[in-house]
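Only one structure is covered here, and it is reproduced in the block below.
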Amino acid sequence: GNMAKRENFDFELSFFKCLHKRMPKDVRVASILAHLYTQTGQIDLGLKMDRKLARLSPEDPTVHYNLACSLALKGRKADALNVLRIAISCGYEDYVWMCNDPDLAELHEYSGFLQLRAELGIT
């Protein structure tokens with residue numbers, strides 16, 4: 001199961017970790033690393049990297065969306081919802097995916113999320 005998955009990612013992880021050390025402000029490297037951490041179940045490291053990306057690219061809706069996903073995976077619903085609102089205000093508009101994204105499963109029944117859906121007119 002998960003161990004095999006981890007091993008496949010080990011090379012990529014060490015590669016991008018090294019790159020990130022050398023180019024800490026490179027957004028592409030940081031976002032690949034954030035994704036790899038989340039994929040391999042290292043949610044805390046993914047969250048840390050997503051926070052860094054939000055500082056590096058404060059205007060990027062996808063960056064905020066991914067940060068919201070990391071927060072939701074940690075069960076931090078209120079924080080996730082706040083960041084999701086930032087993503088939307090920055091222009092995120094894939095509402096169909098947002099309402100079906102397994103990473104946001106924690107949020108889908110949450111009253112704040114239902115409120116957001118109502119505001120956006122999502123039935």
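Following the order of the structure tokens, chains are lettered A, B, ..., residues in each are numbered from 1, and ligands are numbered from 1.
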_Contacts of segment 8-22 of chain A within 12 Å, only C-alpha atoms, excl. fewer than 4 positions in-chain, as a PyMOL selection string_ = chain A and resi 1-4+26-42+45-46+49+52-53
Serialized selection, N, CA and C atoms, as a PDB file, in the first residue's frame:
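Contents of part_38.pdb, as written:
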```pdb
ATOM      1  N   GLY A   1       0.820  -1.210   0.000  1.00  0.00           N
ATOM      2  CA  GLY A   1       0.000   0.000   0.000  1.00  0.00           C
ATOM      3  C   GLY A   1       0.847   1.250   0.000  1.00  0.00           C
ATOM      4  N   ASN A   2       0.763   1.983   1.091  1.00  0.00           N
ATOM      5  CA  ASN A   2       1.354   3.320   1.145  1.00  0.00           C
ATOM      6  C   ASN A   2       2.877   3.315   1.083  1.00  0.00           C
ATOM      7  N   MET A   3       3.512   2.262   1.595  1.00  0.00           N
ATOM      8  CA  MET A   3       4.983   2.228   1.598  1.00  0.00           C
ATOM      9  C   MET A   3       5.545   2.228   0.183  1.00  0.00           C
ATOM     10  N   ALA A   4       4.966   1.406  -0.681  1.00  0.00           N
ATOM     11  CA  ALA A   4       5.428   1.353  -2.075  1.00  0.00           C
ATOM     12  C   ALA A   4       5.319   2.735  -2.697  1.00  0.00           C
ATOM     13  N   ASP A  26      11.999  29.857  -5.636  1.00  0.00           N
ATOM     14  CA  ASP A  26      11.452  29.358  -6.897  1.00  0.00           C
ATOM     15  C   ASP A  26      10.084  28.730  -6.645  1.00  0.00           C
ATOM     16  N   VAL A  27       9.053  29.370  -7.180  1.00  0.00           N
ATOM     17  CA  VAL A  27       7.679  28.958  -6.902  1.00  0.00           C
ATOM     18  C   VAL A  27       7.373  27.584  -7.503  1.00  0.00           C
ATOM     19  N   ARG A  28       7.900  27.310  -8.703  1.00  0.00           N
ATOM     20  CA  ARG A  28       7.612  26.015  -9.333  1.00  0.00           C
ATOM     21  C   ARG A  28       8.157  24.866  -8.494  1.00  0.00           C
ATOM     22  N   VAL A  29       9.390  25.024  -8.020  1.00  0.00           N
ATOM     23  CA  VAL A  29      10.013  23.988  -7.194  1.00  0.00           C
ATOM     24  C   VAL A  29       9.210  23.800  -5.901  1.00  0.00           C
ATOM     25  N   ALA A  30       8.877  24.909  -5.263  1.00  0.00           N
ATOM     26  CA  ALA A  30       8.140  24.841  -4.001  1.00  0.00           C
ATOM     27  C   ALA A  30       6.777  24.182  -4.181  1.00  0.00           C
ATOM     28  N   SER A  31       6.103  24.469  -5.297  1.00  0.00           N
ATOM     29  CA  SER A  31       4.772  23.884  -5.460  1.00  0.00           C
ATOM     30  C   SER A  31       4.836  22.391  -5.773  1.00  0.00           C
ATOM     31  N   ILE A  32       5.861  21.967  -6.510  1.00  0.00           N
ATOM     32  CA  ILE A  32       6.042  20.526  -6.744  1.00  0.00           C
ATOM     33  C   ILE A  32       6.323  19.826  -5.411  1.00  0.00           C
ATOM     34  N   LEU A  33       7.173  20.425  -4.607  1.00  0.00           N
ATOM     35  CA  LEU A  33       7.527  19.852  -3.302  1.00  0.00           C
ATOM     36  C   LEU A  33       6.292  19.776  -2.398  1.00  0.00           C
ATOM     37  N   ALA A  34       5.501  20.832  -2.379  1.00  0.00           N
ATOM     38  CA  ALA A  34       4.271  20.840  -1.573  1.00  0.00           C
ATOM     39  C   ALA A  34       3.363  19.685  -2.000  1.00  0.00           C
ATOM     40  N   HIS A  35       3.229  19.511  -3.315  1.00  0.00           N
ATOM     41  CA  HIS A  35       2.374  18.458  -3.858  1.00  0.00           C
ATOM     42  C   HIS A  35       2.909  17.069  -3.465  1.00  0.00           C
ATOM     43  N   LEU A  36       4.226  16.884  -3.579  1.00  0.00           N
ATOM     44  CA  LEU A  36       4.835  15.594  -3.228  1.00  0.00           C
ATOM     45  C   LEU A  36       4.627  15.273  -1.745  1.00  0.00           C
ATOM     46  N   TYR A  37       4.805  16.265  -0.889  1.00  0.00           N
ATOM     47  CA  TYR A  37       4.582  16.055   0.544  1.00  0.00           C
ATOM     48  C   TYR A  37       3.148  15.600   0.800  1.00  0.00           C
ATOM     49  N   THR A  38       2.196  16.287   0.188  1.00  0.00           N
ATOM     50  CA  THR A  38       0.792  15.959   0.414  1.00  0.00           C
ATOM     51  C   THR A  38       0.479  14.566  -0.135  1.00  0.00           C
ATOM     52  N   GLN A  39       0.995  14.274  -1.347  1.00  0.00           N
ATOM     53  CA  GLN A  39       0.791  12.964  -1.979  1.00  0.00           C
ATOM     54  C   GLN A  39       1.291  11.825  -1.106  1.00  0.00           C
ATOM     55  N   THR A  40       2.400  12.043  -0.408  1.00  0.00           N
ATOM     56  CA  THR A  40       3.001  10.973   0.391  1.00  0.00           C
ATOM     57  C   THR A  40       2.508  11.010   1.837  1.00  0.00           C
ATOM     58  N   GLY A  41       1.466  11.784   2.078  1.00  0.00           N
ATOM     59  CA  GLY A  41       0.861  11.797   3.399  1.00  0.00           C
ATOM     60  C   GLY A  41       1.615  12.612   4.434  1.00  0.00           C
ATOM     61  N   GLN A  42       2.585  13.407   3.993  1.00  0.00           N
ATOM     62  CA  GLN A  42       3.336  14.260   4.932  1.00  0.00           C
ATOM     63  C   GLN A  42       2.639  15.620   5.011  1.00  0.00           C
ATOM     64  N   LEU A  45       4.340  18.840   6.509  1.00  0.00           N
ATOM     65  CA  LEU A  45       5.349  19.442   5.633  1.00  0.00           C
ATOM     66  C   LEU A  45       4.688  20.100   4.425  1.00  0.00           C
ATOM     67  N   GLY A  46       3.638  19.462   3.910  1.00  0.00           N
ATOM     68  CA  GLY A  46       2.890  20.045   2.797  1.00  0.00           C
ATOM     69  C   GLY A  46       2.274  21.375   3.191  1.00  0.00           C
ATOM     70  N   MET A  49       4.889  24.086   3.407  1.00  0.00           N
ATOM     71  CA  MET A  49       5.292  24.525   2.067  1.00  0.00           C
ATOM     72  C   MET A  49       4.182  25.363   1.413  1.00  0.00           C
ATOM     73  N   LYS A  52       4.328  28.788   2.773  1.00  0.00           N
ATOM     74  CA  LYS A  52       5.439  29.516   2.165  1.00  0.00           C
ATOM     75  C   LYS A  52       5.043  30.008   0.769  1.00  0.00           C
ATOM     76  N   LEU A  53       4.376  29.148   0.002  1.00  0.00           N
ATOM     77  CA  LEU A  53       3.934  29.524  -1.338  1.00  0.00           C
ATOM     78  C   LEU A  53       2.955  30.689  -1.289  1.00  0.00           C
TER      79      LEU A  53
END
```
_Need to verify the contact set: segment 80-96 of chain A, 7 Å, only C-alpha atoms, exclusion of same-chain residues closer than 5 positions in sequence. Can you return it as a PyMOL selection string?_
chain A and resi 59-62+64-65+68-69+71-72+113
Please save C-alpha atoms of the selected residues as a CSV table (one decimal), in the first residue's frame.
```
chain,number,residue,atom,x,y,z
A,59,GLU,CA,-2.0,36.8,-5.7
A,60,ASP,CA,-2.2,33.2,-7.0
A,61,PRO,CA,-5.7,31.7,-6.4
A,62,THR,CA,-4.4,28.1,-6.9
A,64,HIS,CA,-4.4,29.6,-1.7
A,65,TYR,CA,-6.7,26.8,-2.8
A,68,ALA,CA,-7.0,25.5,2.1
A,69,CYS,CA,-6.8,21.8,1.1
A,71,LEU,CA,-5.6,22.9,6.3
A,72,ALA,CA,-8.8,20.8,5.6
A,113,PHE,CA,-18.8,25.9,3.7
```
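Considering only C-alpha atoms, the residue among A:Asp103, A:Arg76, A:Met98, A:Leu56 positioned nearest to Leu116 of chain A is A:Met98.
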*Name all residues at most 12 Å from Glu109 of chain A (count only C-alpha atoms; drop same-chain ones fewer than 6 positions away) and give them as an MDAnalysis selection string.*
chainID A and resid 77 81 99:100 115:117
_Can you pull out every residue from chain A that DSSP, working from the backbone, puts in alpha helix (DSSP H), and format the result as a VMD selection string?_
chain A and resid 2 to 22 27 to 39 43 to 56 61 to 73 77 to 89 95 to 98 105 to 108 111 to 120
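For the pair atom CA of Lys25 of chain A and atom CA of Trp97 of chain A, the separation is 28.8 Å.
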